[in-house]
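One structure is given here, and the rest of the page talks about it.
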Amino acid sequence: MAYSETKVVIGGLAHIPIIIGFFYLIRRQYSFGAMLRTGKNALSEKVNPTVKASAAPAKATAPTKATAPSKPVVPAKPAAAKKPHADVPVNTYKPKAPFIGTVTENYSALKEGAIGKVQHITFDLSGGDPDFKYVEGQSCGILAAGEDAKGKPHRPRLYSIASTRYGDNFAGNTLSLCVRQLQYEKDGETINGVCSTYLCNLSPGDKVKISGPVGKEMLLPEEEDSNIIMLATGTGIAPMRAYLRRMFEPTEIEKHKWNFKGKAWLFMGAPKTANLLYDSDFEHYKSKFPENLRYTKAISREQKNTKGGRMYIQDRVLEYAEEIFNMIENPKTHIYLCGLKGMEPGIDEAMTTAAAAKGLDWSELRPKLRKAGRWHAETY
Ligand code: FAD
Ligand code: A2P
C-alpha cells in the first residue's frame, strides 16, 4: 500500500470513534425522551390531553419502543391489578427541588364588608420537566421566600388546590389557590402568618417555589353517578370549587369525558354573606343544574341556629339530617369535609344525633364509610 493510501485509511479509521460517539448521543437523547414520556403517558388521559398532544407529538413516540429504558418510570401493570387513583401524581416536585411557578393573578375572593383577607391566586406551571400535573382534591406545598428565625428556609405549608386539572383558563398549565391570611393578636401586637401573608401579597410575575402535588384523601370517585356531599368552612371550599367546576362548568365538561350524573350538595360555612367564597359561581351552577346541585349556606354572624347561637354547618347538617342519611344509605354517596379543624367535633356530634334518629350508630358507621373510601376529611 502506498504511503498516501495508508494515510487515507488511517484517517478514515480515526473518524470511527467520532461516528460512534455521534450515534450514542442521538440514542441517549431518545432514551431520555422515552423515559419522560413513559412517566407522562400514565397520566395523559386523566390530567391534560391538550398539553400532552403538544408535548409528545405522535412522530416523536416512534423511537421509544426501540430505546425504552429497562425500568420504565411507571411500570406496565395488568389493568385488573390497578388500584383506584393509581395514576394520580404525587410528589412530582419535592420541597428540596421545588417547581418554580409564576404568579399570573392574585385577587380578593371577598366582597365589600367581609372579614379578613382571602385571595384567589393563580400560578403558571408551564415549562416543568417533568410537567407539574395534579387532579381535583390534591394539595400543593408553598415555600415562602426568606428565612425563619433560625436562618433556615421556611418549611413548606400545604394549600388545597382550588382549580381543576385544566386550570381556570382551561389550558392545563395553571394551578389556583384560595388563601386566607392568618392574622392574630398577641400581647397587643398583630401577628401575620408567614406563608399566608407571603402568598396574599404576591404580584403577577412573581416566582414562587411550589412542591407536590400531594394527597389522595380528597379525590373524587370515578363513577359519574356518585353523589357528593360537601361540608366546607372558609377556605375549605378550595377543593369543592374544583369539584364543582369539574361537574358543572361548561368548558370543563367539553374538555373531559367525565359527565357527572349524580347529586351534589354543598354546605358552606362563612361568617358573613360577603365572605361566601365563589358564591356567584355556585349560584349560577345551581340555576343551570337544579336537579344535580343543592347549595346550603350557614352564615354564622348573620343567621342564628335553633338555640339562638351562631349558625354553623353542623346546624345545617342537623336540619337536613333525614335527607343526608337517606343519601348516605346509597353506597354511591361520598362525603367531603374540609376547612377548620374545629368543625370536626361539631359535625361528628350532628351526625351522631342524625344517625340516632335513623336507628344508626355514627361511631360504627363513620369508620365503615371511611374504610369504604366514602368519608373524606381534610381539616387544618
Ligand atoms: P404561620 O406563620 O405558620 O403561623 C401559624 C402558627 O401561628 C400556628 O402554628 C400557631 O402556632 C400560631 N397561631 C395561629 N393562630 C393563632 C392564634 N389565634 N393565637 C396564637 N397563635 C396562633 N390555608 C388556606 O388559607 N387555604 C387552603 O386552601 C389551605 N389548605 C390546607 C390544606 C392542608 C392539607 C393543610 C394541612 C393546611 C391548609 N391550609 C390552608 C393552612 C396552611 O397550610 C397554613 O397553615 C396557613 O396558611 C398558616 O400558615 P402561615 O405560614 O401563614 O402561618
Ligand atoms: P365564626 O367565625 O363566626 O365563629 P372563615 O374561615 O372565612 O372565617 O370561615 C369559617 C367559618 O366557620 C365561620 O363562619 C366560622 O364562624 C365558622 N366556624 C368557626 N368555628 C367553627 C366550628 N367549630 N364549627 C363549625 N364552624 C365553625
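Following the order of the C-alpha cells, chains are lettered A, B, ..., residues in each are numbered from 1, and ligands are numbered from 1.
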Which residues are close to A:Phe267, i.e. within 6 Å by only C-alpha atoms, leaving aside same-chain residues fewer than 3 positions away? Reply as a count of residues only. 4
Margin query: Please return as a PyMOL selection string the residues found within 8 Å of ligand 1, counting only C-alpha atoms and all ligand atoms.
Written below: chain A and resi 118+139+144+157-162+177-186+192-198+215+235-239+339+378-380
Requested write-out: C-alpha atoms of the selected residues, as a short mmCIF file (atom, residue, chain, number, x, y, z; two decimals), in the first residue's frame:
```cif
data_model
loop_
_atom_site.label_atom_id
_atom_site.label_comp_id
_atom_site.auth_asym_id
_atom_site.auth_seq_id
_atom_site.Cartn_x
_atom_site.Cartn_y
_atom_site.Cartn_z
CA VAL A 118 -58.82 35.87 51.34
CA SER A 139 -52.89 20.00 47.64
CA ALA A 144 -42.30 31.22 51.33
CA ARG A 157 -47.10 24.99 54.06
CA LEU A 158 -49.85 22.99 52.39
CA TYR A 159 -52.70 24.55 50.42
CA SER A 160 -55.66 22.78 48.80
CA ILE A 161 -55.72 23.30 45.06
CA ALA A 162 -58.84 25.26 44.08
CA LEU A 177 -55.24 28.53 45.47
CA CYS A 178 -57.69 30.15 47.84
CA VAL A 179 -55.69 31.56 50.74
CA ARG A 180 -56.79 33.27 53.93
CA GLN A 181 -54.15 35.49 55.50
CA LEU A 182 -53.57 34.23 59.04
CA GLN A 183 -53.70 37.15 61.48
CA TYR A 184 -54.00 37.06 65.24
CA GLU A 185 -53.29 39.30 68.18
CA LYS A 186 -50.55 38.52 70.69
CA ASN A 192 -49.18 37.83 60.40
CA GLY A 193 -48.80 34.21 59.30
CA VAL A 194 -45.56 33.72 57.34
CA CYS A 195 -46.70 31.84 54.27
CA SER A 196 -50.29 33.05 54.00
CA THR A 197 -49.10 36.68 54.15
CA TYR A 198 -46.39 35.96 51.58
CA GLY A 215 -52.74 13.90 48.83
CA THR A 235 -61.02 28.28 52.57
CA GLY A 236 -62.10 24.65 52.98
CA ILE A 237 -64.14 25.49 49.90
CA ALA A 238 -60.97 25.22 47.74
CA PRO A 239 -61.24 21.52 46.76
CA GLY A 339 -61.73 23.61 56.45
CA GLU A 378 -59.01 17.30 55.40
CA THR A 379 -59.06 19.91 58.13
CA TYR A 380 -56.39 22.30 59.38
#
```
Point out the residue among A:Thr104, A:Thr174, A:Thr273, A:Gln138 with the least atom-to-atom distance to A:Leu202, counting only C-alpha atoms.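 Ranking A:Thr104, A:Thr174, A:Thr273, A:Gln138 by distance to A:Leu202, first place goes to A:Thr104.
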Could you pull out the residues sitting within 7 Å of ligand 2, using only C-alpha atoms and all ligand atoms, and write them as an MDAnalysis selection string?
chainID A and resid 233:235 269:271 275 299:301 310 312:314 340 342:344 346
Note to self: Taking 2 positions as the minimum chain separation for residues in the same chain, which residues sit within 9 Å of A:Asp225 when counting only C-alpha atoms? Answer as a PyMOL selection string.
What the structure shows: chain A and resi 222-223+227+259-263+332
Next, dump the selected residues to file, keeping only N, CA and C atoms, as a PDB file, in the first residue's frame.
```
ATOM      1  N   GLU A 222     -64.520   7.853  40.669  1.00  0.00           N
ATOM      2  CA  GLU A 222     -64.528   7.837  39.212  1.00  0.00           C
ATOM      3  C   GLU A 222     -65.940   7.677  38.641  1.00  0.00           C
ATOM      4  N   GLU A 223     -66.865   7.109  39.429  1.00  0.00           N
ATOM      5  CA  GLU A 223     -68.217   6.851  38.920  1.00  0.00           C
ATOM      6  C   GLU A 223     -68.961   8.161  38.672  1.00  0.00           C
ATOM      7  N   ASN A 227     -72.908  10.368  44.342  1.00  0.00           N
ATOM      8  CA  ASN A 227     -73.488  11.551  44.998  1.00  0.00           C
ATOM      9  C   ASN A 227     -72.407  12.143  45.888  1.00  0.00           C
ATOM     10  N   ASN A 259     -68.847  12.799  32.807  1.00  0.00           N
ATOM     11  CA  ASN A 259     -70.099  13.562  32.827  1.00  0.00           C
ATOM     12  C   ASN A 259     -70.877  13.238  34.081  1.00  0.00           C
ATOM     13  N   PHE A 260     -70.777  14.133  35.034  1.00  0.00           N
ATOM     14  CA  PHE A 260     -71.391  13.914  36.337  1.00  0.00           C
ATOM     15  C   PHE A 260     -72.906  13.799  36.201  1.00  0.00           C
ATOM     16  N   LYS A 261     -73.450  12.696  36.772  1.00  0.00           N
ATOM     17  CA  LYS A 261     -74.894  12.471  36.653  1.00  0.00           C
ATOM     18  C   LYS A 261     -75.547  12.347  38.023  1.00  0.00           C
ATOM     19  N   GLY A 262     -74.738  12.473  39.085  1.00  0.00           N
ATOM     20  CA  GLY A 262     -75.282  12.266  40.438  1.00  0.00           C
ATOM     21  C   GLY A 262     -75.824  13.547  41.047  1.00  0.00           C
ATOM     22  N   LYS A 263     -75.967  13.499  42.365  1.00  0.00           N
ATOM     23  CA  LYS A 263     -76.437  14.676  43.103  1.00  0.00           C
ATOM     24  C   LYS A 263     -75.265  15.226  43.912  1.00  0.00           C
ATOM     25  N   LYS A 332     -73.292   4.836  46.698  1.00  0.00           N
ATOM     26  CA  LYS A 332     -72.600   5.731  45.752  1.00  0.00           C
ATOM     27  C   LYS A 332     -72.403   7.129  46.320  1.00  0.00           C
TER      28      LYS A 332
END
```
Report as a list of chain:residue names all protein, DNA and RNA residues lying within 10 Å of A:Asp279, evaluated on only C-alpha atoms, omitting residues in the same chain fewer than 6 positions from it.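 Answer for this query is A:Ala109, A:Leu110, A:Arg241, A:Met268, A:Thr273, A:Tyr285, A:Tyr295, A:Lys297.
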Notebook entry, point to check: Hey, what does DSSP flag as strand (DSSP E or B) within stretch 123-369 of chain A? Can you give it to me as a ChimeraX atom specification?
Noted result: /A:123-124,139-143,147,153,157-161,174-180,183-186,189-192,207-214,227-233,264-270,293-299,304,310,333-339
Among stretch 284-345 of chain A, which residues does DSSP mark as alpha helix (DSSP H) when it is run on the backbone? Keep the chain and numbering as in the structure and answer as a compact mmCIF listing (two decimals) with N, CA and C atoms, in the first residue's frame.
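out_14.txt was written with the following content:
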```
# COMPACT_ATOMS: atom_id res chain seq x y z
N HIS A 284 -74.86 30.20 40.13
CA HIS A 284 -75.06 30.03 38.68
C HIS A 284 -75.20 28.54 38.32
N TYR A 285 -74.29 27.72 38.88
CA TYR A 285 -74.38 26.27 38.60
C TYR A 285 -75.72 25.73 39.07
N LYS A 286 -76.16 26.21 40.24
CA LYS A 286 -77.42 25.71 40.81
C LYS A 286 -78.58 26.06 39.87
N SER A 287 -78.53 27.29 39.31
CA SER A 287 -79.63 27.68 38.42
C SER A 287 -79.60 26.88 37.12
N LYS A 288 -78.41 26.47 36.69
CA LYS A 288 -78.30 25.71 35.43
C LYS A 288 -78.56 24.22 35.64
N ILE A 313 -72.21 25.01 60.03
CA ILE A 313 -72.69 24.00 59.09
C ILE A 313 -73.24 22.75 59.79
N GLN A 314 -72.74 22.45 60.99
CA GLN A 314 -73.30 21.28 61.69
C GLN A 314 -74.78 21.50 62.05
N ASP A 315 -75.17 22.79 62.23
CA ASP A 315 -76.59 23.08 62.48
C ASP A 315 -77.40 22.77 61.22
N ARG A 316 -76.80 23.08 60.07
CA ARG A 316 -77.48 22.77 58.80
C ARG A 316 -77.54 21.25 58.59
N VAL A 317 -76.48 20.56 59.00
CA VAL A 317 -76.47 19.10 58.87
C VAL A 317 -77.64 18.51 59.67
N LEU A 318 -77.83 19.04 60.88
CA LEU A 318 -78.95 18.55 61.71
C LEU A 318 -80.29 18.85 61.07
N GLU A 319 -80.38 20.06 60.51
CA GLU A 319 -81.63 20.49 59.87
C GLU A 319 -82.03 19.55 58.72
N ALA A 321 -80.84 16.39 58.34
CA ALA A 321 -80.33 15.06 58.69
C ALA A 321 -81.02 13.93 57.94
N GLU A 322 -82.31 13.99 57.86
CA GLU A 322 -83.09 12.91 57.24
C GLU A 322 -82.64 12.71 55.79
N GLU A 323 -82.58 13.82 55.05
CA GLU A 323 -82.19 13.71 53.63
C GLU A 323 -80.73 13.27 53.48
N ILE A 324 -79.88 13.81 54.36
CA ILE A 324 -78.45 13.44 54.28
C ILE A 324 -78.30 11.93 54.51
N PHE A 325 -78.99 11.42 55.53
CA PHE A 325 -78.84 9.99 55.82
C PHE A 325 -79.49 9.11 54.76
N ASN A 326 -80.55 9.61 54.14
CA ASN A 326 -81.11 8.86 53.01
C ASN A 326 -80.06 8.74 51.90
N MET A 327 -79.31 9.82 51.71
CA MET A 327 -78.26 9.79 50.67
C MET A 327 -77.13 8.85 51.09
N ILE A 328 -76.75 8.92 52.37
CA ILE A 328 -75.63 8.08 52.84
C ILE A 328 -75.95 6.60 52.72
N MET A 343 -64.29 22.29 63.25
CA MET A 343 -65.64 21.89 62.83
C MET A 343 -65.86 20.38 62.97
N GLU A 344 -64.78 19.61 63.05
CA GLU A 344 -64.93 18.15 63.06
C GLU A 344 -65.77 17.61 64.23
N PRO A 345 -65.47 18.06 65.50
CA PRO A 345 -66.30 17.54 66.60
C PRO A 345 -67.77 17.93 66.43
```
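Picture a line from atom CA of A:Val208 to atom CA of A:Gln119; it runs 15.6 Å.
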